[in-house]
>>> print(open('start_39.pdb').read())   # PDB, C-alpha atoms
MODEL        1
ATOM      1  CA  MET R   1       0.000   0.000   0.000
ATOM      2  CA  SER R   2       1.476   3.357  -1.043
ATOM      3  CA  HIS R   3       1.829   6.237   1.407
ATOM      4  CA  LYS R   4      -0.546   9.203   1.226
ATOM      5  CA  TYR R   5       0.474  12.807   1.750
ATOM      6  CA  LEU R   6      -1.041  16.100   2.845
ATOM      7  CA  LEU R   7       0.347  19.565   2.262
ATOM      8  CA  PHE R   8       1.271  21.577   5.352
ATOM      9  CA  ASN R   9       2.554  25.104   4.695
ATOM     10  CA  ASP R  10       4.059  24.086   1.315
ATOM     11  CA  GLU R  11       5.689  20.922   2.689
ATOM     12  CA  TYR R  12       4.484  17.349   2.164
ATOM     13  CA  HIS R  13       3.837  15.172   5.198
ATOM     14  CA  LEU R  14       2.494  11.656   5.523
ATOM     15  CA  VAL R  15      -1.155  11.811   6.559
ATOM     16  CA  ASP R  16      -0.500   9.790   9.729
ATOM     17  CA  THR R  17       2.345  12.094  10.816
ATOM     18  CA  PRO R  18       1.541  14.882  13.344
ATOM     19  CA  VAL R  19       1.847  18.354  11.846
ATOM     20  CA  LEU R  20       0.098  20.648  14.357
ATOM     21  CA  VAL R  21       1.434  21.612  17.783
ATOM     22  CA  ALA R  22      -0.650  22.098  20.920
ATOM     23  CA  SER R  23      -0.299  25.890  20.682
ATOM     24  CA  ASN R  24      -1.957  25.969  17.234
ATOM     25  CA  ARG R  25      -4.634  28.674  17.305
ATOM     26  CA  GLY R  26      -6.999  26.695  15.115
ATOM     27  CA  PHE R  27      -6.898  23.877  17.671
ATOM     28  CA  LYS R  28      -7.026  26.085  20.781
ATOM     29  CA  PHE R  29      -9.486  28.772  19.718
ATOM     30  CA  GLY R  30     -11.094  27.671  16.458
ATOM     31  CA  ASP R  31      -9.222  30.617  14.968
ATOM     32  CA  GLY R  32      -9.504  29.791  11.300
ATOM     33  CA  LEU R  33     -11.693  28.806   8.395
ATOM     34  CA  PHE R  34     -11.802  26.150   5.703
ATOM     35  CA  GLU R  35     -12.888  25.317   2.167
ATOM     36  CA  SER R  36     -14.290  21.982   0.988
ATOM     37  CA  MET R  37     -13.593  21.540  -2.724
ATOM     38  CA  ARG R  38     -13.912  18.933  -5.424
ATOM     39  CA  MET R  39     -11.759  18.052  -8.406
ATOM     40  CA  ILE R  40     -13.274  16.248 -11.400
ATOM     41  CA  ASN R  41     -11.079  14.898 -14.196
ATOM     42  CA  ASN R  42      -8.091  16.866 -12.828
ATOM     43  CA  LYS R  43     -10.017  20.147 -12.882
ATOM     44  CA  LEU R  44     -10.758  21.904  -9.598
ATOM     45  CA  GLN R  45     -14.440  22.796  -9.773
ATOM     46  CA  PHE R  46     -15.518  26.421  -9.262
ATOM     47  CA  ALA R  47     -12.054  27.465  -8.103
ATOM     48  CA  GLU R  48     -12.811  31.160  -8.579
ATOM     49  CA  LEU R  49     -15.847  31.005  -6.292
ATOM     50  CA  HIS R  50     -13.868  29.110  -3.641
ATOM     51  CA  ALA R  51     -11.045  31.646  -3.818
ATOM     52  CA  ASP R  52     -13.446  34.579  -3.559
ATOM     53  CA  ARG R  53     -15.101  33.143  -0.452
ATOM     54  CA  LEU R  54     -11.771  32.212   1.140
ATOM     55  CA  VAL R  55     -10.297  35.675   0.590
ATOM     56  CA  SER R  56     -13.463  37.349   1.832
ATOM     57  CA  GLY R  57     -13.482  35.153   4.942
ATOM     58  CA  MET R  58      -9.831  35.849   5.676
ATOM     59  CA  LYS R  59     -10.494  39.570   5.402
ATOM     60  CA  ALA R  60     -13.446  39.246   7.785
ATOM     61  CA  LEU R  61     -11.171  37.438  10.260
ATOM     62  CA  LYS R  62      -8.497  40.110   9.754
ATOM     63  CA  MET R  63      -5.926  37.572   8.563
ATOM     64  CA  ASP R  64      -2.840  38.571   6.607
ATOM     65  CA  GLY R  65      -1.876  36.904   3.345
ATOM     66  CA  HIS R  66      -5.331  36.706   1.798
ATOM     67  CA  ALA R  67      -4.031  38.125  -1.482
ATOM     68  CA  LEU R  68      -1.943  34.961  -1.936
ATOM     69  CA  MET R  69      -4.912  32.598  -1.485
ATOM     70  CA  ASP R  70      -6.249  33.211  -4.974
ATOM     71  CA  GLU R  71      -7.630  30.928  -7.671
ATOM     72  CA  TYR R  72      -4.122  30.175  -8.958
ATOM     73  CA  PHE R  73      -3.009  29.096  -5.457
ATOM     74  CA  LEU R  74      -5.963  26.714  -5.101
ATOM     75  CA  ARG R  75      -5.474  25.174  -8.530
ATOM     76  CA  GLN R  76      -1.713  24.810  -8.139
ATOM     77  CA  LYS R  77      -1.714  23.302  -4.636
ATOM     78  CA  THR R  78      -4.536  20.833  -5.325
ATOM     79  CA  THR R  79      -2.901  19.743  -8.591
ATOM     80  CA  ASP R  80       0.455  19.276  -6.857
ATOM     81  CA  LEU R  81      -1.115  17.145  -4.116
ATOM     82  CA  VAL R  82      -2.855  14.975  -6.715
ATOM     83  CA  LYS R  83       0.453  14.357  -8.476
ATOM     84  CA  LYS R  84       2.271  13.625  -5.214
ATOM     85  CA  ASN R  85      -0.339  11.018  -4.249
ATOM     86  CA  ARG R  86      -0.781   9.691  -7.787
ATOM     87  CA  TRP R  87      -4.534  10.107  -7.517
ATOM     88  CA  ASN R  88      -6.920   9.635 -10.428
ATOM     89  CA  GLY R  89      -7.907  13.301 -10.732
ATOM     90  CA  ASN R  90     -11.235  12.882  -8.904
ATOM     91  CA  VAL R  91     -10.661  14.135  -5.385
ATOM     92  CA  ARG R  92     -12.388  15.784  -2.443
ATOM     93  CA  PHE R  93     -10.213  18.419  -0.736
ATOM     94  CA  ARG R  94     -10.291  20.292   2.528
ATOM     95  CA  LEU R  95      -8.129  23.403   2.869
ATOM     96  CA  SER R  96      -7.854  24.575   6.476
ATOM     97  CA  VAL R  97      -6.428  28.062   7.065
ATOM     98  CA  TYR R  98      -5.571  29.137  10.595
ATOM     99  CA  ARG R  99      -4.019  32.167  12.266
ATOM    100  CA  ASP R 100      -0.429  31.204  13.053
ATOM    101  CA  GLY R 101       1.711  32.315  15.957
ATOM    102  CA  ALA R 102       1.389  32.837  19.688
ATOM    103  CA  GLY R 103      -0.981  34.753  21.909
ATOM    104  CA  VAL R 104      -4.086  33.910  23.893
ATOM    105  CA  TYR R 105      -7.386  35.470  22.780
ATOM    106  CA  THR R 106      -5.379  38.395  21.425
ATOM    107  CA  PRO R 107      -3.049  37.099  18.691
ATOM    108  CA  GLU R 108       0.507  38.395  18.540
ATOM    109  CA  ASN R 109       0.270  38.585  14.744
ATOM    110  CA  ASN R 110      -2.176  37.810  11.955
ATOM    111  CA  LYS R 111      -0.009  35.607   9.755
ATOM    112  CA  VAL R 112      -1.562  32.348   8.585
ATOM    113  CA  GLY R 113      -0.702  28.708   8.024
ATOM    114  CA  TYR R 114      -2.612  26.054   6.129
ATOM    115  CA  VAL R 115      -3.217  22.336   5.765
ATOM    116  CA  LEU R 116      -4.466  20.810   2.502
ATOM    117  CA  GLU R 117      -5.921  17.284   2.675
ATOM    118  CA  GLY R 118      -7.527  15.125   0.023
ATOM    119  CA  ILE R 119      -9.522  11.920  -0.436
ATOM    120  CA  GLN R 120      -9.632  10.172  -3.796
ATOM    121  CA  LEU R 121     -13.135   9.618  -5.203
ATOM    122  CA  GLY R 122     -14.345   6.930  -7.566
ATOM    123  CA  SER R 123     -16.747   9.034  -9.605
ATOM    124  CA  ASN R 124     -15.969  11.748 -12.153
ATOM    125  CA  ARG R 125     -19.396  13.387 -11.928
ATOM    126  CA  TYR R 126     -21.913  14.643  -9.403
ATOM    127  CA  GLU R 127     -24.340  11.849  -8.569
ATOM    128  CA  LEU R 128     -27.826  12.272  -7.187
ATOM    129  CA  ASN R 129     -28.474  10.014  -4.218
ATOM    130  CA  THR R 130     -30.553   6.961  -5.195
ATOM    131  CA  LYS R 131     -32.385   6.877  -1.875
ATOM    132  CA  GLY R 132     -33.742  10.204  -0.677
ATOM    133  CA  LEU R 133     -32.634  11.636   2.657
ATOM    134  CA  ILE R 134     -34.728  11.504   5.804
ATOM    135  CA  ILE R 135     -34.488  14.771   7.743
ATOM    136  CA  ASP R 136     -35.712  16.545  10.853
ATOM    137  CA  VAL R 137     -35.231  20.015  12.307
ATOM    138  CA  PHE R 138     -32.504  20.417  14.934
ATOM    139  CA  ASP R 139     -33.826  23.012  17.391
ATOM    140  CA  GLU R 140     -31.704  22.408  20.490
ATOM    141  CA  MET R 141     -29.330  25.155  19.327
ATOM    142  CA  THR R 142     -29.637  27.891  16.711
ATOM    143  CA  LYS R 143     -27.169  29.701  14.471
ATOM    144  CA  SER R 144     -26.392  33.333  15.164
ATOM    145  CA  VAL R 145     -26.653  35.846  12.347
ATOM    146  CA  ASP R 146     -23.529  38.000  12.224
ATOM    147  CA  LYS R 147     -20.684  39.063   9.930
ATOM    148  CA  LEU R 148     -19.047  35.616  10.089
ATOM    149  CA  SER R 149     -22.186  33.530   9.483
ATOM    150  CA  ASN R 150     -21.655  33.199   5.731
ATOM    151  CA  TYR R 151     -18.151  31.709   6.063
ATOM    152  CA  LYS R 152     -16.974  28.192   6.912
ATOM    153  CA  THR R 153     -15.155  28.998  10.130
ATOM    154  CA  SER R 154     -13.356  26.489  12.329
ATOM    155  CA  ASN R 155     -15.958  26.995  15.050
ATOM    156  CA  SER R 156     -18.209  24.056  14.146
ATOM    157  CA  LEU R 157     -19.738  22.979  17.474
ATOM    158  CA  LEU R 158     -23.255  23.775  16.239
ATOM    159  CA  TYR R 159     -22.802  21.340  13.344
ATOM    160  CA  VAL R 160     -21.227  18.725  15.617
ATOM    161  CA  MET R 161     -24.238  18.874  17.944
ATOM    162  CA  ALA R 162     -26.563  18.661  14.948
ATOM    163  CA  GLY R 163     -24.599  15.618  13.807
ATOM    164  CA  ILE R 164     -25.102  13.935  17.179
ATOM    165  CA  PHE R 165     -28.817  14.734  16.966
ATOM    166  CA  LYS R 166     -28.860  13.193  13.482
ATOM    167  CA  SER R 167     -27.217   9.997  14.692
ATOM    168  CA  GLN R 168     -29.362   9.672  17.806
ATOM    169  CA  ASN R 169     -32.543  10.008  15.740
ATOM    170  CA  ARG R 170     -31.326   7.802  12.867
ATOM    171  CA  LEU R 171     -31.621  10.604  10.323
ATOM    172  CA  ASP R 172     -29.650  11.284   7.163
ATOM    173  CA  GLU R 173     -29.476  15.045   7.663
ATOM    174  CA  ALA R 174     -30.560  17.724  10.137
ATOM    175  CA  MET R 175     -31.940  21.181   9.355
ATOM    176  CA  ILE R 176     -30.564  24.119  11.329
ATOM    177  CA  LEU R 177     -32.527  27.237  12.313
ATOM    178  CA  ASN R 178     -31.123  30.722  12.807
ATOM    179  CA  GLN R 179     -31.478  32.755  16.004
ATOM    180  CA  ASN R 180     -34.861  34.021  14.854
ATOM    181  CA  GLY R 181     -36.268  30.543  14.295
ATOM    182  CA  PHE R 182     -36.166  30.598  10.501
ATOM    183  CA  LEU R 183     -34.712  27.961   8.203
ATOM    184  CA  CYS R 184     -30.978  28.545   7.781
ATOM    185  CA  GLU R 185     -29.184  25.520   6.297
ATOM    186  CA  SER R 186     -28.545  21.852   6.978
ATOM    187  CA  MET R 187     -25.641  20.571   9.028
ATOM    188  CA  SER R 188     -23.540  20.030   5.889
ATOM    189  CA  ALA R 189     -25.167  21.993   3.085
ATOM    190  CA  ASN R 190     -27.395  24.799   1.864
ATOM    191  CA  VAL R 191     -31.129  24.193   1.559
ATOM    192  CA  PHE R 192     -33.505  24.645  -1.387
ATOM    193  CA  VAL R 193     -37.271  24.224  -1.231
ATOM    194  CA  VAL R 194     -39.715  23.866  -4.126
ATOM    195  CA  TYR R 195     -43.071  25.349  -3.127
ATOM    196  CA  ASN R 196     -45.927  26.229  -5.510
ATOM    197  CA  ASN R 197     -43.563  25.508  -8.402
ATOM    198  CA  GLN R 198     -41.110  28.170  -7.214
ATOM    199  CA  LEU R 199     -37.619  27.591  -5.875
ATOM    200  CA  TYR R 200     -36.776  29.112  -2.501
ATOM    201  CA  THR R 201     -33.527  29.257  -0.537
ATOM    202  CA  PRO R 202     -32.664  31.116   2.683
ATOM    203  CA  ALA R 203     -31.104  34.513   1.967
ATOM    204  CA  LEU R 204     -27.537  35.162   3.112
ATOM    205  CA  THR R 205     -28.982  37.667   5.587
ATOM    206  CA  GLU R 206     -30.536  34.643   7.357
ATOM    207  CA  GLY R 207     -27.055  33.517   8.415
ATOM    208  CA  CYS R 208     -26.475  30.573   6.081
ATOM    209  CA  ILE R 209     -23.091  29.651   4.637
ATOM    210  CA  GLY R 210     -22.471  31.445   1.336
ATOM    211  CA  GLY R 211     -22.100  28.113  -0.409
ATOM    212  CA  VAL R 212     -20.193  27.755  -3.672
ATOM    213  CA  MET R 213     -22.686  25.151  -4.869
ATOM    214  CA  ARG R 214     -25.543  27.354  -3.639
ATOM    215  CA  THR R 215     -24.305  30.125  -5.923
ATOM    216  CA  THR R 216     -23.859  27.700  -8.820
ATOM    217  CA  ILE R 217     -27.336  26.171  -8.474
ATOM    218  CA  MET R 218     -28.892  29.629  -8.247
ATOM    219  CA  GLN R 219     -27.149  30.580 -11.495
ATOM    220  CA  LEU R 220     -28.311  27.370 -13.198
ATOM    221  CA  ALA R 221     -31.887  27.936 -12.037
ATOM    222  CA  ARG R 222     -31.960  31.452 -13.470
ATOM    223  CA  ILE R 223     -30.345  30.402 -16.743
ATOM    224  CA  ASN R 224     -33.097  27.799 -17.107
ATOM    225  CA  ASP R 225     -35.885  30.315 -16.403
ATOM    226  CA  MET R 226     -36.807  28.928 -13.003
ATOM    227  CA  THR R 227     -38.320  31.324 -10.491
ATOM    228  CA  LEU R 228     -35.787  31.606  -7.657
ATOM    229  CA  ILE R 229     -36.462  33.505  -4.455
ATOM    230  CA  GLU R 230     -33.963  34.206  -1.675
ATOM    231  CA  ALA R 231     -36.066  34.688   1.423
ATOM    232  CA  GLN R 232     -36.727  34.373   5.120
ATOM    233  CA  ILE R 233     -38.264  30.901   5.301
ATOM    234  CA  ASN R 234     -40.472  29.540   8.063
ATOM    235  CA  PRO R 235     -39.548  25.898   8.771
ATOM    236  CA  GLU R 236     -43.271  25.072   8.535
ATOM    237  CA  ILE R 237     -42.788  25.166   4.748
ATOM    238  CA  LEU R 238     -41.255  21.699   5.070
ATOM    239  CA  ASN R 239     -44.775  20.389   5.724
ATOM    240  CA  GLU R 240     -46.111  21.903   2.508
ATOM    241  CA  ALA R 241     -43.238  21.801   0.005
ATOM    242  CA  GLU R 242     -43.256  19.675  -3.129
ATOM    243  CA  GLU R 243     -39.522  19.115  -3.032
ATOM    244  CA  VAL R 244     -36.522  19.752  -0.748
ATOM    245  CA  PHE R 245     -32.867  19.313  -1.639
ATOM    246  CA  ILE R 246     -29.508  20.326  -0.227
ATOM    247  CA  THR R 247     -26.317  21.408  -1.978
ATOM    248  CA  ASN R 248     -22.607  21.513  -1.217
ATOM    249  CA  ALA R 249     -19.386  21.705  -3.195
ATOM    250  CA  THR R 250     -18.358  18.076  -2.809
ATOM    251  CA  GLN R 251     -21.633  16.218  -3.353
ATOM    252  CA  GLY R 252     -23.460  18.634  -5.611
ATOM    253  CA  ILE R 253     -27.167  18.001  -4.977
ATOM    254  CA  GLN R 254     -28.789  15.557  -2.554
ATOM    255  CA  TRP R 255     -32.575  15.183  -2.581
ATOM    256  CA  VAL R 256     -34.710  14.791   0.508
ATOM    257  CA  MET R 257     -37.349  12.069   0.572
ATOM    258  CA  GLY R 258     -39.011  12.550   3.918
ATOM    259  CA  TYR R 259     -39.639  14.862   6.864
ATOM    260  CA  GLY R 260     -41.820  13.208   9.483
ATOM    261  CA  ARG R 261     -44.756  11.821   7.501
ATOM    262  CA  LYS R 262     -44.201  14.222   4.622
ATOM    263  CA  ARG R 263     -42.775  12.799   1.379
ATOM    264  CA  TYR R 264     -41.184  14.760  -1.468
ATOM    265  CA  PHE R 265     -40.564  14.454  -5.193
ATOM    266  CA  ASN R 266     -37.157  14.910  -6.884
ATOM    267  CA  GLU R 267     -37.879  16.192 -10.408
ATOM    268  CA  VAL R 268     -36.162  19.559  -9.901
ATOM    269  CA  SER R 269     -33.168  17.856  -8.250
ATOM    270  CA  LYS R 270     -32.753  15.529 -11.232
ATOM    271  CA  PHE R 271     -33.042  18.387 -13.699
ATOM    272  CA  LEU R 272     -30.507  20.606 -11.927
ATOM    273  CA  ILE R 273     -27.896  17.897 -11.365
ATOM    274  CA  GLU R 274     -27.958  17.114 -15.094
ATOM    275  CA  LYS R 275     -27.315  20.788 -15.798
ATOM    276  CA  LEU R 276     -24.589  20.826 -13.137
ATOM    277  CA  ASN R 277     -22.785  17.877 -14.710
ATOM    278  CA  GLY R 278     -23.072  19.635 -18.040
ATOM    279  CA  ILE R 279     -20.878  22.499 -16.828
ATOM    280  CA  SER R 280     -18.534  20.372 -14.690
ATOM    281  CA  VAL R 281     -16.332  18.850 -17.361
TER     282      VAL R 281
ENDMDL
END
>>> encode(input="start_39.pdb", output="structure tokens")
Amino acid sequence: MSHKYLLFNDEYHLVDTPVLVASNRGFKFGDGLFESMRMINNKLQFAELHADRLVSGMKALKMDGHALMDEYFLRQKTTDLVKKNRWNGNVRFRLSVYRDGAGVYTPENNKVGYVLEGIQLGSNRYELNTKGLIIDVFDEMTKSVDKLSNYKTSNSLLYVMAGIFKSQNRLDEAMILNQNGFLCESMSANVFVVYNNQLYTPALTEGCIGGVMRTTIMQLARINDMTLIEAQINPEILNEAEEVFITNATQGIQWVMGYGRKRYFNEVSKFLIEKLNGISV
């Protein structure tokens, strides 16, 4: 079995070799953010959108070096890691960026470090799940709406608790509400709802992650003359909707089959994932 590598601050390390020290600010304070990305046929998908969100998030966290984390950086580093590991060109990546250096709550500087990891995938296209997801609403905790809500920060306890709720209730996915009790996102993706033949998704002002796939699906919907509304969405819509699906950068689209006794269709999901695969070559 060949060894697998990750990239840590421009140096390759075996994946089972420690690379972070106990004083790491990402570990101690959740002082960082991350991007989940997918490569298909040796092409990093939607690299520009990932770079834009990463740079914007680093600026919001007042991190130095954001100008270097551009589209070229993402494409180059992911391609290099694929070559190092001799992967097939279909890979899921996670890029973690953290504030480097000493300090307690107040950092001594705002320089950054990063870790790039990857997992080889078998498929070279986005695949709609054969069996629809079973969901419920996680209401034990809510997501705050603030200037960091739209970014994938390293503070993920809300999603961890939602994941435990999912496991305890034998669900496939859990829906998360914002501080005002409105639909925000799922624990791992953005949410879309088909209601009265119109497509709805929570607005960014509702505190959801500004998902790369969310943006892409919204663009595809508009190109194909679908009515798309970004809105404040009452979770009660889940009892009335014709269809519910979730989106993220690594899986594309996943359709929801059931919420309680409610059952959904997946026509819009099928249509959009075909369009998505059409632009992901």
>>> resolve_selection(input="start_39.pdb", expression="the PyMOL selection byres ((chain R and resi 126) around 6)", output="ChimeraX atom specification")
/R:125,127,252
>>> resolve_selection(input="start_39.pdb", expression="the PyMOL selection byres ((chain R and resi 211) around 9)", output="MDAnalysis selection string")
chainID R and resid 50 53 150:152 189:190 208:210 212:216 247:249
>>> atom_distance(input="start_39.pdb", atom1="atom CA of Phe8 of chain R", atom2="atom CA of Phe46 of chain R")
22.8 Å
>>> resolve_selection(input="start_39.pdb", expression="the PyMOL selection byres ((chain R and resi 78-88) around 8)", output="list in words")
His3, Lys4, Tyr5, Leu6, Leu7, Asn41, Asn42, Leu44, Leu74, Arg75, Gln76, Lys77, Gly89, Asn90, Val91, Phe93, Leu116, Gly118 and Gln120 of chain R
>>> closest_residue(input="start_39.pdb", among="R:Asn169, R:Gln179, R:Asn124, R:Thr250", to="Ile40 of chain R", atoms="only C-alpha atoms")
R:Asn124
>>> residues_around(input="start_39.pdb", residues="Tyr264 of chain R", least_positions_apart="2", cutoff="9 Å", atoms="only C-alpha atoms", output="PyMOL selection string")
chain R and resi 132+241-244+255-259+262+266
>>> atom_distance(input="start_39.pdb", atom1="atom CA of Ile135 of chain R", atom2="atom CA of Val191 of chain R")
11.8 Å
>>> residues_around(input="start_39.pdb", residues="Leu68 of chain R", least_positions_apart="4", cutoff="10 Å", atoms="all atoms listed in the file", output="list in words")
Ala51, Val55, Asp64, Tyr72, Phe73 and Leu74 of chain R
>>> write_last_selection(input="start_39.pdb", atoms="C-alpha atoms", output="PDB file, in the coordinates of the input")
ATOM      1  CA  ALA R  51     -11.045  31.646  -3.818  1.00  0.00           C
ATOM      2  CA  VAL R  55     -10.297  35.675   0.590  1.00  0.00           C
ATOM      3  CA  ASP R  64      -2.840  38.571   6.607  1.00  0.00           C
ATOM      4  CA  TYR R  72      -4.122  30.175  -8.958  1.00  0.00           C
ATOM      5  CA  PHE R  73      -3.009  29.096  -5.457  1.00  0.00           C
ATOM      6  CA  LEU R  74      -5.963  26.714  -5.101  1.00  0.00           C
TER       7      LEU R  74
END
>>> atom_distance(input="start_39.pdb", atom1="atom CA of Leu199 of chain R", atom2="atom CA of Thr227 of chain R")
6.0 Å
>>> closest_residue(input="start_39.pdb", among="R:Asp225, R:Glu185, R:Asp146, R:Glu230", to="Ala203 of chain R", atoms="only C-alpha atoms")
R:Glu230
>>> closest_residue(input="start_39.pdb", among="R:Lys270, R:Arg99, R:Lys131, R:His13", to="Phe29 of chain R", atoms="all atoms listed in the file")
R:Arg99
>>> closest_residue(input="start_39.pdb", among="R:Val268, R:Leu204, R:Ile233, R:Ala60", to="Asn180 of chain R", atoms="all atoms listed in the file")
R:Ile233
>>> residues_around(input="start_39.pdb", residues="Met63 of chain R", least_positions_apart="5", cutoff="12 Å", atoms="all atoms listed in the file", output="list in words")
Asp31, Gly32, Leu33, Leu54, Val55, Ser56, Gly57, Met58, Leu68, Met69, Val97, Tyr98, Arg99, Asp100, Gly101, Pro107, Glu108, Asn109, Asn110, Lys111, Val112 and Gly113 of chain R
>>> closest_residue(input="start_39.pdb", among="R:Ala67, R:Val15, R:Lys28, R:Met39", to="Asp52 of chain R", atoms="only C-alpha atoms")
R:Ala67
>>> closest_residue(input="start_39.pdb", among="R:Ile134, R:Ala47, R:Val160, R:Ala102", to="Val21 of chain R", atoms="only C-alpha atoms")
R:Ala102
>>> residues_around(input="start_39.pdb", residues="Ser269 of chain R", least_positions_apart="3", cutoff="8 Å", atoms="all atoms listed in the file", output="count of residues only")
8
>>> build_atoms(input="start_39.pdb", residues="segment 41-48 of chain R", atoms="all heavy atoms", output="PDB file, keeping the file's coordinate frame")
ATOM      1  N   ASN R  41     -11.927  15.054 -13.004  1.00  0.00           N
ATOM      2  CA  ASN R  41     -11.079  14.898 -14.196  1.00  0.00           C
ATOM      3  C   ASN R  41      -9.914  15.890 -14.188  1.00  0.00           C
ATOM      4  O   ASN R  41      -9.624  16.553 -15.183  1.00  0.00           O
ATOM      5  CB  ASN R  41     -11.905  15.053 -15.471  1.00  0.00           C
ATOM      6  CG  ASN R  41     -12.921  13.938 -15.635  1.00  0.00           C
ATOM      7  OD1 ASN R  41     -12.724  12.828 -15.143  1.00  0.00           O
ATOM      8  ND2 ASN R  41     -14.028  14.229 -16.305  1.00  0.00           N
ATOM      9  N   ASN R  42      -9.269  16.006 -13.019  1.00  0.00           N
ATOM     10  CA  ASN R  42      -8.091  16.866 -12.828  1.00  0.00           C
ATOM     11  C   ASN R  42      -8.387  18.360 -12.932  1.00  0.00           C
ATOM     12  O   ASN R  42      -7.463  19.169 -13.025  1.00  0.00           O
ATOM     13  CB  ASN R  42      -6.977  16.500 -13.821  1.00  0.00           C
ATOM     14  CG  ASN R  42      -6.324  15.176 -13.480  1.00  0.00           C
ATOM     15  OD1 ASN R  42      -5.749  15.012 -12.408  1.00  0.00           O
ATOM     16  ND2 ASN R  42      -6.434  14.210 -14.398  1.00  0.00           N
ATOM     17  N   LYS R  43      -9.648  18.735 -12.864  1.00  0.00           N
ATOM     18  CA  LYS R  43     -10.017  20.147 -12.882  1.00  0.00           C
ATOM     19  C   LYS R  43     -10.706  20.503 -11.572  1.00  0.00           C
ATOM     20  O   LYS R  43     -11.746  19.924 -11.231  1.00  0.00           O
ATOM     21  CB  LYS R  43     -10.949  20.457 -14.057  1.00  0.00           C
ATOM     22  CG  LYS R  43     -11.369  21.927 -14.110  1.00  0.00           C
ATOM     23  CD  LYS R  43     -12.335  22.190 -15.260  1.00  0.00           C
ATOM     24  CE  LYS R  43     -12.784  23.651 -15.269  1.00  0.00           C
ATOM     25  NZ  LYS R  43     -13.779  23.910 -16.342  1.00  0.00           N
ATOM     26  N   LEU R  44     -10.141  21.453 -10.837  1.00  0.00           N
ATOM     27  CA  LEU R  44     -10.758  21.904  -9.598  1.00  0.00           C
ATOM     28  C   LEU R  44     -12.026  22.672  -9.937  1.00  0.00           C
ATOM     29  O   LEU R  44     -11.990  23.663 -10.665  1.00  0.00           O
ATOM     30  CB  LEU R  44      -9.793  22.795  -8.806  1.00  0.00           C
ATOM     31  CG  LEU R  44     -10.246  23.182  -7.397  1.00  0.00           C
ATOM     32  CD1 LEU R  44     -10.331  21.953  -6.503  1.00  0.00           C
ATOM     33  CD2 LEU R  44      -9.305  24.214  -6.791  1.00  0.00           C
ATOM     34  N   GLN R  45     -13.153  22.208  -9.418  1.00  0.00           N
ATOM     35  CA  GLN R  45     -14.440  22.796  -9.773  1.00  0.00           C
ATOM     36  C   GLN R  45     -14.675  24.120  -9.040  1.00  0.00           C
ATOM     37  O   GLN R  45     -14.451  24.227  -7.837  1.00  0.00           O
ATOM     38  CB  GLN R  45     -15.568  21.812  -9.433  1.00  0.00           C
ATOM     39  CG  GLN R  45     -15.453  20.477 -10.136  1.00  0.00           C
ATOM     40  CD  GLN R  45     -15.554  20.616 -11.648  1.00  0.00           C
ATOM     41  OE1 GLN R  45     -16.549  21.094 -12.191  1.00  0.00           O
ATOM     42  NE2 GLN R  45     -14.496  20.182 -12.337  1.00  0.00           N
ATOM     43  N   PHE R  46     -15.106  25.121  -9.806  1.00  0.00           N
ATOM     44  CA  PHE R  46     -15.518  26.421  -9.262  1.00  0.00           C
ATOM     45  C   PHE R  46     -14.432  27.049  -8.386  1.00  0.00           C
ATOM     46  O   PHE R  46     -14.698  27.613  -7.322  1.00  0.00           O
ATOM     47  CB  PHE R  46     -16.823  26.270  -8.471  1.00  0.00           C
ATOM     48  CG  PHE R  46     -17.861  25.458  -9.213  1.00  0.00           C
ATOM     49  CD1 PHE R  46     -18.262  24.210  -8.734  1.00  0.00           C
ATOM     50  CD2 PHE R  46     -18.407  25.916 -10.396  1.00  0.00           C
ATOM     51  CE1 PHE R  46     -19.193  23.445  -9.424  1.00  0.00           C
ATOM     52  CE2 PHE R  46     -19.345  25.156 -11.098  1.00  0.00           C
ATOM     53  CZ  PHE R  46     -19.742  23.933 -10.615  1.00  0.00           C
ATOM     54  N   ALA R  47     -13.202  26.960  -8.866  1.00  0.00           N
ATOM     55  CA  ALA R  47     -12.054  27.465  -8.103  1.00  0.00           C
ATOM     56  C   ALA R  47     -12.170  28.959  -7.820  1.00  0.00           C
ATOM     57  O   ALA R  47     -11.787  29.429  -6.736  1.00  0.00           O
ATOM     58  CB  ALA R  47     -10.754  27.171  -8.863  1.00  0.00           C
ATOM     59  N   GLU R  48     -12.695  29.705  -8.771  1.00  0.00           N
ATOM     60  CA  GLU R  48     -12.811  31.160  -8.579  1.00  0.00           C
ATOM     61  C   GLU R  48     -13.765  31.485  -7.431  1.00  0.00           C
ATOM     62  O   GLU R  48     -13.486  32.363  -6.601  1.00  0.00           O
ATOM     63  CB  GLU R  48     -13.291  31.822  -9.872  1.00  0.00           C
ATOM     64  CG  GLU R  48     -13.366  33.342  -9.769  1.00  0.00           C
ATOM     65  CD  GLU R  48     -13.782  33.996 -11.082  1.00  0.00           C
ATOM     66  OE1 GLU R  48     -13.982  33.270 -12.075  1.00  0.00           O
ATOM     67  OE2 GLU R  48     -13.907  35.225 -11.102  1.00  0.00           O
TER      68      GLU R  48
END
